[in-house]
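Engineer: Dropping in work.cif, with mmCIF, C-alpha atoms and all ligand atoms.
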data_protein
#
loop_
_atom_site.label_atom_id
_atom_site.label_comp_id
_atom_site.auth_asym_id
_atom_site.auth_seq_id
_atom_site.Cartn_x
_atom_site.Cartn_y
_atom_site.Cartn_z
CA MET O 1 0.00 0.00 0.00
CA ALA O 2 2.76 2.39 1.02
CA THR O 3 4.63 1.68 -2.21
CA ALA O 4 1.49 2.36 -4.24
CA VAL O 5 1.02 5.76 -2.54
CA LEU O 6 4.67 6.57 -3.03
CA ARG O 7 4.49 5.56 -6.67
CA ALA O 8 1.34 7.63 -7.23
CA SER O 9 2.84 10.71 -5.62
CA LEU O 10 6.06 10.25 -7.60
CA VAL O 11 4.04 10.07 -10.78
CA ALA O 12 2.16 13.19 -9.71
CA VAL O 13 5.38 15.05 -8.98
CA GLY O 14 6.75 13.89 -12.30
CA LEU O 15 3.68 15.14 -14.11
CA VAL O 16 3.86 18.51 -12.40
CA TRP O 17 7.51 18.79 -13.41
CA THR O 18 6.83 17.89 -17.01
CA LEU O 19 4.08 20.47 -17.13
CA ALA O 20 6.30 23.08 -15.53
CA VAL O 21 9.12 22.39 -17.98
CA GLN O 22 6.73 22.58 -20.88
CA THR O 23 5.36 25.88 -19.65
CA VAL O 24 8.86 27.25 -19.32
CA GLN O 25 9.71 26.02 -22.81
CA ALA O 26 6.57 27.55 -24.22
CA GLU O 27 7.39 30.87 -22.59
CA ASP O 28 10.94 30.61 -23.86
CA VAL O 29 9.68 30.13 -27.37
CA LYS O 30 7.18 32.98 -27.00
CA ARG O 31 10.01 35.29 -26.03
CA TYR O 32 11.39 34.74 -29.50
CA VAL O 33 8.27 35.65 -31.45
CA VAL O 34 8.06 39.20 -32.75
CA GLU O 35 4.79 40.91 -31.84
CA GLY O 36 2.58 41.40 -34.84
CA SER O 37 4.73 39.12 -37.01
CA ARG O 38 3.32 36.30 -39.05
CA ALA O 39 4.37 33.77 -36.43
CA ALA O 40 2.50 35.67 -33.71
CA GLY O 41 -0.76 34.87 -35.45
CA LEU O 42 -0.02 31.18 -35.93
CA GLU O 43 -0.67 28.23 -33.65
CA SER O 44 2.74 26.81 -34.55
CA CYS O 45 5.38 27.61 -37.14
CA VAL O 46 4.90 26.80 -40.84
CA GLU O 47 4.91 23.16 -39.73
CA PRO O 48 3.90 21.61 -36.40
CA THR O 49 6.49 22.53 -33.77
CA GLU O 50 7.80 18.98 -33.45
CA ARG O 51 8.44 18.74 -37.18
CA ILE O 52 9.98 22.16 -37.54
CA ARG O 53 12.30 21.49 -34.60
CA ARG O 54 13.65 18.33 -36.12
CA GLN O 55 13.51 19.07 -39.81
CA HIS O 56 13.88 22.81 -40.36
CA MET O 57 17.28 22.26 -41.90
CA GLU O 58 15.83 19.91 -44.50
CA PHE O 59 13.06 22.37 -45.32
CA ILE O 60 15.33 25.33 -45.89
CA LYS O 61 17.86 23.25 -47.77
CA HIS O 62 15.19 22.32 -50.27
CA GLN O 63 13.97 25.90 -50.40
CA ARG O 64 17.40 27.35 -51.10
CA ILE O 65 17.64 25.39 -54.33
CA ALA O 66 14.23 26.60 -55.46
CA THR O 67 15.15 30.18 -54.63
CA VAL O 68 18.72 30.40 -55.90
CA HIS O 69 18.30 28.34 -59.04
CA GLU O 70 14.68 28.88 -59.95
CA GLY O 71 14.01 32.32 -58.52
CA ILE O 72 11.02 31.19 -56.43
CA ARG O 73 10.50 33.58 -53.55
CA THR O 74 7.18 32.42 -52.19
CA GLU O 75 8.30 29.12 -50.65
CA LYS O 76 6.66 28.29 -47.35
CA TYR O 77 10.09 27.86 -45.77
CA SER O 78 12.61 30.64 -45.73
CA LEU O 79 15.62 31.55 -43.64
CA SER O 80 14.81 35.24 -43.82
CA GLY O 81 11.32 34.25 -42.69
CA CYS O 82 12.85 32.69 -39.53
CA VAL O 83 14.70 35.95 -38.91
CA ASP O 84 11.66 38.15 -39.54
CA CYS O 85 9.45 36.42 -36.98
CA HIS O 86 11.97 35.31 -34.38
CA ILE O 87 14.38 38.19 -34.00
CA SER O 88 14.49 39.99 -30.66
CA TYR O 89 15.45 43.53 -29.82
CA ASP O 90 17.45 45.09 -27.00
CA GLN O 91 16.31 48.13 -24.99
CA GLU O 92 17.40 50.53 -27.73
CA ARG O 93 15.31 48.58 -30.25
CA VAL O 94 18.46 47.32 -31.95
CA PRO O 95 17.90 43.79 -33.26
CA ARG O 96 20.05 41.08 -31.70
CA PRO O 97 21.68 38.75 -34.23
CA ILE O 98 19.52 35.66 -34.30
CA ASN O 99 22.53 33.36 -34.04
CA ASP O 100 23.81 34.89 -30.81
CA PRO O 101 24.13 32.17 -28.16
CA ASP O 102 21.06 33.44 -26.30
CA GLN O 103 18.89 33.97 -29.37
CA PHE O 104 16.38 31.91 -31.32
CA CYS O 105 18.78 30.03 -33.63
CA GLY O 106 21.96 30.39 -31.61
CA ALA O 107 20.58 29.18 -28.26
CA CYS O 108 19.42 25.85 -29.61
CA HIS O 109 22.45 25.30 -31.80
CA ALA O 110 24.76 26.10 -28.91
CA PHE O 111 22.84 23.70 -26.67
CA ALA O 112 23.07 20.96 -29.30
CA ALA O 113 26.77 21.78 -29.91
CA ILE O 114 26.22 22.45 -33.58
CA ASP O 115 28.52 24.83 -35.38
CA LEU O 116 26.80 26.28 -38.40
CA ASN O 117 27.74 29.09 -40.68
CA CYS O 118 24.45 30.14 -42.27
CA PHE O 119 24.96 33.61 -40.88
CA ASP O 120 28.49 34.00 -42.21
CA CYS O 121 26.68 34.97 -45.41
CA HIS O 122 23.03 35.53 -44.54
CA ALA O 123 21.77 38.56 -42.66
CA ALA O 124 21.27 37.66 -39.00
CA VAL O 125 18.84 40.55 -38.49
CA PRO O 126 16.06 41.84 -40.75
CA ASN O 127 18.16 44.02 -43.02
CA GLY O 128 15.99 44.97 -45.95
CA ALA O 129 15.91 48.67 -45.29
CA ARG O 130 19.44 49.66 -44.51
CA LEU O 131 21.50 52.46 -43.08
CA ASP O 132 22.37 54.99 -45.75
CA ALA O 133 25.97 55.55 -46.75
CA THR O 134 26.40 58.65 -44.56
CA ALA O 135 25.11 56.84 -41.50
CA ILE O 136 27.53 53.99 -42.15
CA ALA O 137 30.39 56.46 -42.59
CA ALA O 138 29.39 58.21 -39.37
CA HIS O 139 29.38 54.90 -37.51
CA ARG O 140 32.78 54.05 -38.87
CA ALA O 141 34.17 57.47 -38.01
CA ALA O 142 32.85 57.10 -34.48
CA GLY O 143 34.57 53.73 -34.33
CA VAL O 144 31.29 51.96 -33.63
CA GLY O 145 31.61 49.68 -36.63
CA PRO O 146 28.72 47.72 -37.93
CA LEU O 147 26.04 47.48 -35.27
CA VAL O 148 25.38 43.91 -36.01
CA GLN O 149 28.15 41.38 -36.21
CA SER O 150 27.66 38.04 -37.85
CA ARG O 151 29.40 35.15 -36.24
CA ARG O 152 29.13 31.42 -36.05
CA ASP O 153 26.25 29.96 -34.12
CA GLY O 154 27.01 29.51 -30.49
CA GLU O 155 30.38 31.25 -30.74
CA ASP O 156 31.35 32.86 -27.44
CA HIS O 157 29.13 30.39 -25.67
CA MET D 1 10.84 40.45 -48.24
CA LYS D 2 7.21 39.55 -48.23
CA ASP D 3 6.63 41.85 -45.31
CA GLU D 4 8.21 44.69 -47.21
CA ASN D 5 5.75 44.26 -50.04
CA GLU D 6 2.87 44.27 -47.64
CA ALA D 7 4.24 47.45 -46.15
CA ILE D 8 4.25 49.01 -49.60
CA ASP D 9 0.63 48.04 -50.09
CA GLU D 10 -0.32 49.57 -46.78
CA ALA D 11 1.58 52.73 -47.58
CA VAL D 12 -0.96 53.70 -50.23
CA ASP D 13 -2.58 56.89 -49.03
CA PRO D 14 -6.37 56.35 -48.76
CA SER D 15 -7.13 59.95 -49.76
CA ARG D 16 -5.11 59.41 -52.92
CA ARG D 17 -7.09 56.29 -53.57
CA ALA D 18 -10.33 58.21 -53.13
CA PHE D 19 -9.10 60.89 -55.51
CA MET D 20 -8.11 58.29 -58.07
CA GLY D 21 -11.53 56.72 -57.69
CA VAL D 22 -13.27 60.01 -58.45
CA ALA D 23 -10.89 61.00 -61.21
CA ALA D 24 -11.11 57.64 -62.90
CA GLY D 25 -14.91 57.81 -62.85
CA VAL D 26 -16.52 55.66 -65.47
CA THR D 27 -13.17 54.51 -66.86
CA ALA D 28 -12.53 52.61 -63.63
CA ALA D 29 -13.56 49.37 -65.27
CA VAL D 30 -10.94 49.87 -67.95
CA VAL D 31 -8.21 50.95 -65.55
CA ALA D 32 -8.78 48.16 -63.05
CA PRO D 33 -7.45 45.31 -65.18
CA GLY D 34 -4.26 47.29 -65.83
CA VAL D 35 -3.77 47.97 -62.14
CA LEU D 36 -4.41 44.35 -61.38
CA LEU D 37 -1.88 43.22 -63.97
CA HIS D 38 0.69 45.49 -62.44
CA ALA D 39 0.00 44.12 -58.98
CA VAL D 40 0.45 40.57 -60.23
CA ALA D 41 3.70 41.44 -61.99
CA ALA D 42 5.11 43.04 -58.84
CA ALA D 43 4.42 40.02 -56.63
CA PRO D 44 7.26 37.74 -55.62
CA ARG D 45 7.85 34.97 -58.09
CA SER D 46 6.15 31.68 -57.33
CA GLU D 47 6.97 29.74 -60.52
CA PRO D 48 10.45 28.66 -61.66
CA VAL D 49 12.16 31.06 -64.07
CA THR D 50 11.86 29.97 -67.70
CA ALA D 51 13.86 30.41 -70.86
CA ASP D 52 11.00 32.42 -72.36
CA VAL D 53 12.92 35.52 -71.36
CA ARG D 54 16.57 36.40 -71.54
CA TRP D 55 17.62 39.43 -69.53
CA GLY D 56 20.23 41.74 -70.96
CA LEU D 57 21.60 45.25 -71.09
CA LEU D 58 22.36 47.62 -73.91
CA ILE D 59 24.93 50.29 -73.18
CA ASP D 60 25.10 53.32 -75.43
CA THR D 61 28.69 54.48 -74.96
CA ALA D 62 27.93 57.77 -76.71
CA LYS D 63 25.73 58.67 -73.74
CA CYS D 64 28.11 57.38 -71.06
CA VAL D 65 29.86 60.37 -69.52
CA ASP D 66 33.55 60.41 -68.67
CA GLY D 67 33.97 60.99 -64.95
CA CYS D 68 30.46 59.84 -64.00
CA SER D 69 30.24 56.75 -61.83
CA ALA D 70 26.60 56.85 -60.76
CA CYS D 71 26.04 53.26 -61.90
CA VAL D 72 28.97 52.00 -59.85
CA ALA D 73 27.80 53.79 -56.72
CA ALA D 74 24.24 52.57 -57.19
CA CYS D 75 25.38 48.98 -57.67
CA ASP D 76 27.58 49.18 -54.58
CA ARG D 77 24.65 50.41 -52.56
CA GLU D 78 22.04 48.05 -53.97
CA ASN D 79 24.23 45.03 -53.38
CA GLY D 80 25.83 46.03 -50.09
CA LEU D 81 29.28 46.37 -51.64
CA ASP D 82 29.75 49.75 -49.98
CA MET D 83 29.79 48.00 -46.63
CA GLN D 84 33.17 46.45 -47.29
CA SER D 85 36.00 47.95 -45.32
CA LYS D 86 39.73 47.68 -45.80
CA PRO D 87 41.47 45.27 -43.43
CA GLU D 88 43.85 47.32 -41.34
CA SER D 89 46.93 45.44 -42.39
CA GLN D 90 46.27 45.86 -46.10
CA SER D 91 47.81 48.55 -48.28
CA PRO D 92 45.33 50.87 -50.01
CA LEU D 93 46.69 49.75 -53.36
CA LYS D 94 46.05 46.09 -52.67
CA TRP D 95 42.63 46.84 -51.25
CA ASP D 96 41.76 48.75 -54.39
CA SER D 97 42.50 45.74 -56.52
CA GLN D 98 40.97 43.19 -54.15
CA LYS D 99 37.70 44.67 -52.96
CA ALA D 100 34.63 43.36 -54.71
CA VAL D 101 33.16 45.50 -57.48
CA TRP D 102 30.40 44.35 -59.78
CA ILE D 103 30.66 47.24 -62.24
CA ARG D 104 33.81 49.05 -63.31
CA LYS D 105 34.07 52.13 -65.44
CA VAL D 106 36.49 51.37 -68.28
CA LYS D 107 38.14 53.89 -70.57
CA LEU D 108 39.13 52.84 -74.07
CA GLN D 109 41.43 54.78 -76.31
CA ASP D 110 41.96 54.21 -80.00
CA ASN D 111 45.67 54.88 -80.30
CA GLN D 112 45.48 55.69 -83.99
CA THR D 113 42.74 58.27 -83.81
CA GLY D 114 42.96 59.21 -80.15
CA ARG D 115 39.22 58.72 -79.69
CA VAL D 116 38.33 57.97 -76.08
CA THR D 117 35.27 55.98 -75.05
CA THR D 118 34.11 55.27 -71.50
CA LEU D 119 31.78 52.45 -70.62
CA PRO D 120 30.56 50.47 -67.64
CA MET D 121 31.77 46.87 -67.59
CA MET D 122 30.08 44.15 -65.62
CA CYS D 123 29.38 40.41 -65.99
CA GLN D 124 28.29 40.06 -69.61
CA HIS D 125 25.88 37.22 -68.85
CA CYS D 126 27.29 35.05 -71.61
CA GLU D 127 25.02 32.52 -73.25
CA HIS D 128 27.97 30.12 -73.20
CA PRO D 129 29.68 31.21 -69.99
CA PRO D 130 33.28 30.01 -69.56
CA CYS D 131 32.90 30.54 -65.80
CA VAL D 132 30.20 27.86 -65.75
CA ASP D 133 32.22 25.49 -67.93
CA VAL D 134 35.20 25.48 -65.60
CA CYS D 135 33.44 25.43 -62.22
CA PRO D 136 34.23 22.08 -60.57
CA THR D 137 31.24 22.13 -58.23
CA GLY D 138 28.38 23.48 -60.29
CA ALA D 139 28.28 26.62 -58.16
CA SER D 140 28.69 28.91 -61.14
CA PHE D 141 25.51 28.48 -63.14
CA LYS D 142 23.22 30.12 -65.63
CA ARG D 143 19.61 30.58 -64.67
CA ALA D 144 16.98 29.72 -67.27
CA ASP D 145 16.37 33.43 -67.82
CA GLY D 146 20.00 33.99 -68.79
CA ILE D 147 21.35 35.39 -65.52
CA VAL D 148 24.76 33.94 -64.69
CA MET D 149 25.40 33.73 -60.96
CA VAL D 150 27.09 31.81 -58.17
CA ASP D 151 25.32 29.51 -55.75
CA ARG D 152 27.38 30.29 -52.66
CA HIS D 153 26.19 27.12 -50.96
CA LEU D 154 28.24 25.17 -53.50
CA CYS D 155 31.18 27.50 -54.17
CA ILE D 156 34.46 26.26 -52.72
CA GLY D 157 36.34 29.44 -53.56
CA CYS D 158 38.77 27.83 -55.98
CA ARG D 159 38.56 30.89 -58.23
CA TYR D 160 38.79 28.96 -61.51
CA CYS D 161 35.89 31.03 -62.79
CA MET D 162 37.78 34.23 -62.14
CA MET D 163 40.57 32.93 -64.35
CA ALA D 164 38.16 31.82 -67.04
CA CYS D 165 36.14 35.01 -67.33
CA PRO D 166 37.44 37.13 -70.21
CA TYR D 167 35.88 40.28 -68.72
CA LYS D 168 37.41 40.26 -65.23
CA ALA D 169 33.85 40.34 -63.97
CA ARG D 170 34.22 38.14 -60.91
CA ASN D 171 35.27 38.98 -57.38
CA PHE D 172 36.47 36.93 -54.46
CA ILE D 173 35.47 37.86 -50.94
CA HIS D 174 38.68 37.70 -48.93
CA GLU D 175 37.50 38.71 -45.49
CA ALA D 176 34.62 37.95 -43.13
CA VAL D 177 31.65 40.18 -43.90
CA HIS D 178 29.34 41.85 -41.41
CA GLY D 179 25.88 43.39 -41.62
CA GLN D 180 24.82 41.81 -44.92
CA LEU D 181 21.62 42.82 -46.61
CA THR D 182 18.82 40.28 -46.43
CA ALA D 183 18.50 40.28 -50.22
CA VAL D 184 22.23 39.95 -50.90
CA PRO D 185 24.00 37.29 -48.83
CA ARG D 186 27.77 37.50 -48.92
CA GLY D 187 30.55 35.66 -47.15
CA LYS D 188 34.26 35.04 -46.97
CA GLY D 189 35.61 32.50 -49.41
CA CYS D 190 33.05 32.75 -52.20
CA VAL D 191 33.09 34.30 -55.64
CA GLU D 192 30.41 36.67 -56.85
CA SER D 193 29.59 39.01 -59.71
CA CYS D 194 26.81 41.11 -61.21
CA ASN D 195 23.55 39.15 -61.15
CA LEU D 196 21.42 41.74 -62.93
CA CYS D 197 19.83 42.62 -59.57
CA VAL D 198 18.34 39.16 -59.33
CA HIS D 199 16.29 40.07 -56.24
CA ARG D 200 14.63 42.80 -58.26
CA ARG D 201 13.87 40.29 -61.03
CA ASP D 202 12.26 37.87 -58.62
CA PHE D 203 10.10 40.58 -57.08
CA GLY D 204 8.88 41.80 -60.44
CA GLU D 205 10.69 45.13 -60.59
CA GLU D 206 11.38 46.60 -63.96
CA SER D 207 14.98 47.71 -63.99
CA THR D 208 18.36 47.39 -62.33
CA ALA D 209 20.07 49.71 -59.88
CA CYS D 210 22.60 50.90 -62.48
CA VAL D 211 19.90 51.67 -65.05
CA ASP D 212 17.92 53.70 -62.52
CA ALA D 213 21.00 55.63 -61.40
CA CYS D 214 22.10 56.43 -64.94
CA ALA D 215 18.62 57.66 -65.80
CA ALA D 216 18.47 59.72 -62.61
CA GLU D 217 21.65 61.48 -63.74
CA GLY D 218 19.89 62.24 -67.01
CA HIS D 219 22.25 60.14 -69.13
CA HIS D 220 20.08 57.14 -70.00
CA ALA D 221 23.09 55.24 -71.29
CA ILE D 222 21.95 51.81 -70.04
CA VAL D 223 18.79 50.00 -71.09
CA PHE D 224 17.65 46.82 -69.37
CA GLY D 225 15.19 44.35 -70.80
CA ASP D 226 14.19 41.05 -72.31
CA LEU D 227 16.30 40.19 -75.35
CA LYS D 228 13.82 37.51 -76.43
CA ASP D 229 10.80 39.80 -76.59
CA PRO D 230 10.88 41.56 -79.99
CA ALA D 231 8.59 44.29 -78.64
CA SER D 232 10.76 45.18 -75.62
CA PRO D 233 12.54 48.55 -75.74
CA ILE D 234 15.94 46.87 -75.64
CA SER D 235 15.12 44.63 -78.62
CA GLN D 236 13.76 47.60 -80.55
CA LEU D 237 16.93 49.56 -79.89
CA LEU D 238 19.15 46.61 -80.82
CA LYS D 239 17.23 46.34 -84.08
CA ASP D 240 17.73 50.01 -84.86
CA MET D 241 21.25 50.85 -83.80
CA PRO D 242 24.55 49.12 -84.48
CA SER D 243 25.86 47.33 -81.41
CA ARG D 244 28.63 44.92 -80.55
CA GLN D 245 29.62 42.34 -78.03
CA ILE D 246 32.95 42.95 -76.35
CA ARG D 247 35.34 40.19 -77.46
CA GLU D 248 32.80 38.90 -79.95
CA ASP D 249 35.64 36.72 -81.33
CA LEU D 250 35.05 34.40 -78.37
CA SER D 251 31.49 33.61 -79.55
CA LEU D 252 30.06 33.74 -76.04
CA ASN D 253 26.89 35.52 -77.20
CA THR D 254 26.89 37.98 -74.35
CA GLY D 255 23.69 39.37 -72.89
CA VAL D 256 25.29 42.79 -72.46
CA ARG D 257 25.72 44.73 -75.69
CA TYR D 258 27.55 47.99 -76.42
CA SER D 259 26.92 50.54 -79.11
CA GLY D 260 29.46 53.11 -80.27
CA VAL D 261 32.54 51.01 -79.66
S1 LIG O 301 31.15 37.66 -68.23
FE1 LIG O 301 32.49 36.32 -67.04
S2 LIG O 301 31.35 35.92 -65.14
FE2 LIG O 301 29.88 36.74 -66.63
S3 LIG O 301 28.98 34.92 -67.65
FE3 LIG O 301 30.69 35.58 -68.93
S4 LIG O 301 32.43 34.37 -68.18
FE4 LIG O 301 30.85 34.26 -66.58
S1 LIG O 302 35.30 29.85 -57.17
FE1 LIG O 302 33.27 28.92 -56.77
S2 LIG O 302 32.01 29.47 -58.55
FE2 LIG O 302 34.16 29.86 -59.15
S3 LIG O 302 34.83 27.97 -60.17
FE3 LIG O 302 35.39 27.75 -57.98
S4 LIG O 302 33.64 26.72 -57.00
FE4 LIG O 302 32.93 27.48 -59.03
#
What does this structure look like when you write it as structure tokens?
Ligand code: SF4
Ligand code: SF4
Structural biologist:
Amino acid sequence: MATAVLRASLVAVGLVWTLAVQTVQAEDVKRYVVEGSRAAGLESCVEPTERIRRQHMEFIKHQRIATVHEGIRTEKYSLSGCVDCHISYDQERVPRPINDPDQFCGACHAFAAIDLNCFDCHAAVPNGARLDATAIAAHRAAGVGPLVQSRRDGEDH
Amino acid sequence: MKDENEAIDEAVDPSRRAFMGVAAGVTAAVVAPGVLLHAVAAAPRSEPVTADVRWGLLIDTAKCVDGCSACVAACDRENGLDMQSKPESQSPLKWDSQKAVWIRKVKLQDNQTGRVTTLPMMCQHCEHPPCVDVCPTGASFKRADGIVMVDRHLCIGCRYCMMACPYKARNFIHEAVHGQLTAVPRGKGCVESCNLCVHRRDFGEESTACVDACAAEGHHAIVFGDLKDPASPISQLLKDMPSRQIREDLSLNTGVRYSGV
């Protein structure tokens, strides 16, 4: 009898923990969704969360061929789409590179010990509208350099 | 990019719309299909590019002004090339020859007559591109619509294509790059060259950065368009005025043509 009670309470504690962890994870993920972005209005990403977590690299690998070689820009999957919805901003509203070790891409890749270089070439922040030449020159003159540095995922972790 | 387009849609001033509505009056039914067509053309591409079009440029060297480099500046800006900075250890001379440029202004002089011509020189988008022939990985490729470009995912940076190109059109990125534009990825160890503003093509825009800049200066020396469409302005011009390919002896059938050379 005692063992049964113990077992039941252990199960209960376990369940509570699982729930708690899931809540934390959900909140963690929410932190990475830009308000008013496409992702904010969706139940999950462009695929169910479990699929996108495991297979996002396959999806965007397929998409890159369609885009680079065939010029298709309306694919469901898109790396710049990840950046658009999942970027976060610091207090000054400056976007944090998405591959920083505490950001959407970088945090997970650092945790999984994966060293990727997508953002050696791709913009790690939404960078469609850009600083004009004078602003860049001013930054350089002030020694600030580019505001946003690209680096390998999880570097400095 | 999609978001940007939506932003453009939203930016339409409602009062202007109302005015247009009144002004158009009964002709609205006629105007609407045109507007609709335009909207469709400006949407991001959802079908693979086809060989029904071949993009090209016609450069009228008589209109190209010595000392003007508006096209070069516009290209640098459009494609994020103006964000390159000289590594501290490098001499200015070396940097000048190594930094990536997609368009160069070239000056030609006929030594017998002394006649000087200036022209912008970029990737000529060859129909039979030597850079594609030599690439060991398939990174250098020609899109169905005639644009020759590099798939950086495949490029190993061997630089064979730079050797093979008769026009010195290709550039190697020697240093790590920061702050890239979303539309123009760029990274250390890959080769790149003019891609006829491929992002503009795929989002249905009508010209290239260099063409716009040249026109804004009032020179109109560069015309962009579809070489396969006999009705396009570029085809009409090619039909009317004498033009040449640079190094036509190589039989590469370039997509960029020059008149007055
Ligand atoms: S001009 Fe040079 S880079 Fe361009 S297609 Fe021809 S060989 Fe290739
Ligand atoms: S540098 Fe890149 S694109 Fe050029 S030949 Fe080598 S692999 Fe091909």
Engineer: Which residues are near segment 197-202 of chain D? Cut-off 6 Å, all atoms listed in the file, ignore same chain within fewer than 5 positions. Put them as a PDB file with C-alpha atoms, in the frame of the given file.
Structural biologist:
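Heads up, here's the output in around_16.pdb:
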ATOM      1  CA  GLY O  71      14.010  32.320 -58.520  1.00  0.00           C
TER       2      GLY O  71
ATOM      3  CA  PRO D  44       7.260  37.740 -55.620  1.00  0.00           C
ATOM      4  CA  ARG D  45       7.850  34.970 -58.090  1.00  0.00           C
ATOM      5  CA  THR D 208      18.360  47.390 -62.330  1.00  0.00           C
TER       6      THR D 208
END
Engineer: Box in all listed atoms of ligand LIG 301 (chain O), axis-aligned, with 4 Å more on each side; write out centre and edge lengths in Å to one decimal as AutoDock Vina command-line options.
Structural biologist:
--center_x 30.7 --center_y 36.0 --center_z -67.0 --size_x 11.5 --size_y 11.4 --size_z 11.8
Engineer: What does the list of residues within 7 Å of ligand LIG 301 (chain O) look like if you count only C-alpha atoms and all ligand atoms, written as a PyMOL selection string?
Structural biologist: chain D and resi 123-126+129-132+148+164-170+193
Engineer: Please provide the set of residues having any atom within 9 Å of Leu181 of chain D, restricted to all atoms listed in the file, with same-chain residues fewer than 6 positions apart removed, written as a ChimeraX atom specification.
Structural biologist: /O:122-123,125-130 /D:79-80
Engineer: What do you get as an NGL selection string if you pick all residues at most 9 Å from ligand LIG 302 (chain O), counting all atoms listed in the file?
Structural biologist: :D and (131-141 or 149-152 or 154-164 or 170 or 172 or 189-192)
Engineer: Looking at O:Asp84, O:Asp120, O:Glu92, O:Glu50, which one is nearest to Tyr32 of chain O, with distances taken over only C-alpha atoms?
Structural biologist: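 Distance minimum relative to Tyr32 of chain O lands on O:Asp84.
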Engineer: Choose the residue, out of O:Glu35, O:Glu58, O:Asp90, O:Glu70, that has the smallest atom-to-atom separation from chain D; count all atoms listed in the file.
Structural biologist: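 Answer, going by the shortest atom-to-atom distance: O:Glu70.
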Engineer: Find the residues of chain D in contact range of chain O, meaning any atom within 10 Å when counting only C-alpha atoms, and list them as a CSV table (one decimal) with C-alpha atoms, keeping the file's coordinate frame.
Structural biologist:
chain,number,residue,atom,x,y,z
D,1,MET,CA,10.8,40.4,-48.2
D,2,LYS,CA,7.2,39.6,-48.2
D,3,ASP,CA,6.6,41.8,-45.3
D,4,GLU,CA,8.2,44.7,-47.2
D,43,ALA,CA,4.4,40.0,-56.6
D,44,PRO,CA,7.3,37.7,-55.6
D,45,ARG,CA,7.8,35.0,-58.1
D,46,SER,CA,6.2,31.7,-57.3
D,47,GLU,CA,7.0,29.7,-60.5
D,48,PRO,CA,10.4,28.7,-61.7
D,49,VAL,CA,12.2,31.1,-64.1
D,50,THR,CA,11.9,30.0,-67.7
D,77,ARG,CA,24.6,50.4,-52.6
D,78,GLU,CA,22.0,48.0,-54.0
D,80,GLY,CA,25.8,46.0,-50.1
D,82,ASP,CA,29.8,49.8,-50.0
D,83,MET,CA,29.8,48.0,-46.6
D,85,SER,CA,36.0,48.0,-45.3
D,141,PHE,CA,25.5,28.5,-63.1
D,142,LYS,CA,23.2,30.1,-65.6
D,143,ARG,CA,19.6,30.6,-64.7
D,144,ALA,CA,17.0,29.7,-67.3
D,145,ASP,CA,16.4,33.4,-67.8
D,149,MET,CA,25.4,33.7,-61.0
D,150,VAL,CA,27.1,31.8,-58.2
D,151,ASP,CA,25.3,29.5,-55.8
D,152,ARG,CA,27.4,30.3,-52.7
D,153,HIS,CA,26.2,27.1,-51.0
D,176,ALA,CA,34.6,38.0,-43.1
D,177,VAL,CA,31.6,40.2,-43.9
D,178,HIS,CA,29.3,41.8,-41.4
D,179,GLY,CA,25.9,43.4,-41.6
D,180,GLN,CA,24.8,41.8,-44.9
D,181,LEU,CA,21.6,42.8,-46.6
D,182,THR,CA,18.8,40.3,-46.4
D,183,ALA,CA,18.5,40.3,-50.2
D,184,VAL,CA,22.2,40.0,-50.9
D,185,PRO,CA,24.0,37.3,-48.8
D,186,ARG,CA,27.8,37.5,-48.9
D,187,GLY,CA,30.6,35.7,-47.2
D,188,LYS,CA,34.3,35.0,-47.0
D,190,CYS,CA,33.0,32.8,-52.2
D,198,VAL,CA,18.3,39.2,-59.3
D,199,HIS,CA,16.3,40.1,-56.2
D,201,ARG,CA,13.9,40.3,-61.0
D,202,ASP,CA,12.3,37.9,-58.6
D,203,PHE,CA,10.1,40.6,-57.1
Engineer: Go ahead and find all residues with at least one atom no further than 9 Å from (37.0, 47.0, -49.7) in the file's coordinates, using all atoms listed in the file; report them as JSON, numbers by chain.
Structural biologist: {"D": [81, 82, 83, 84, 85, 86, 87, 95, 96, 97, 98, 99, 100, 101]}
Engineer: O:Arg53, O:Lys76, O:His86, O:Arg96: which is nearest Gly36 of chain O, counting all atoms listed in the file?
Structural biologist: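 Selected residue with least distance to Gly36 of chain O: O:His86.
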Engineer: Could you list as a PyMOL selection string every residue that has an atom within 7 Å of (22.7, 30.3, -31.8), using the file's coordinates and counting only C-alpha atoms?
Structural biologist: chain O and resi 98-110+153-154
Engineer: Using atom CA of Asn111 of chain D and atom CA of Asp249 of chain D as the two end points, give the distance in Å to one decimal.
Structural biologist: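 Computing it gives 20.8 Å between the two atoms.
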Engineer: Record the distance separating atom CA of Ser207 of chain D and atom CA of Cys194 of chain D, expressed in Å with one decimal.
Structural biologist: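 Pair atom CA of Ser207 of chain D / atom CA of Cys194 of chain D returns 13.8 Å.
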Engineer: State, in Å with one decimal place, the distance from atom CA of Val53 of chain D to atom CA of Ala209 of chain D.
Structural biologist: 19.6 Å
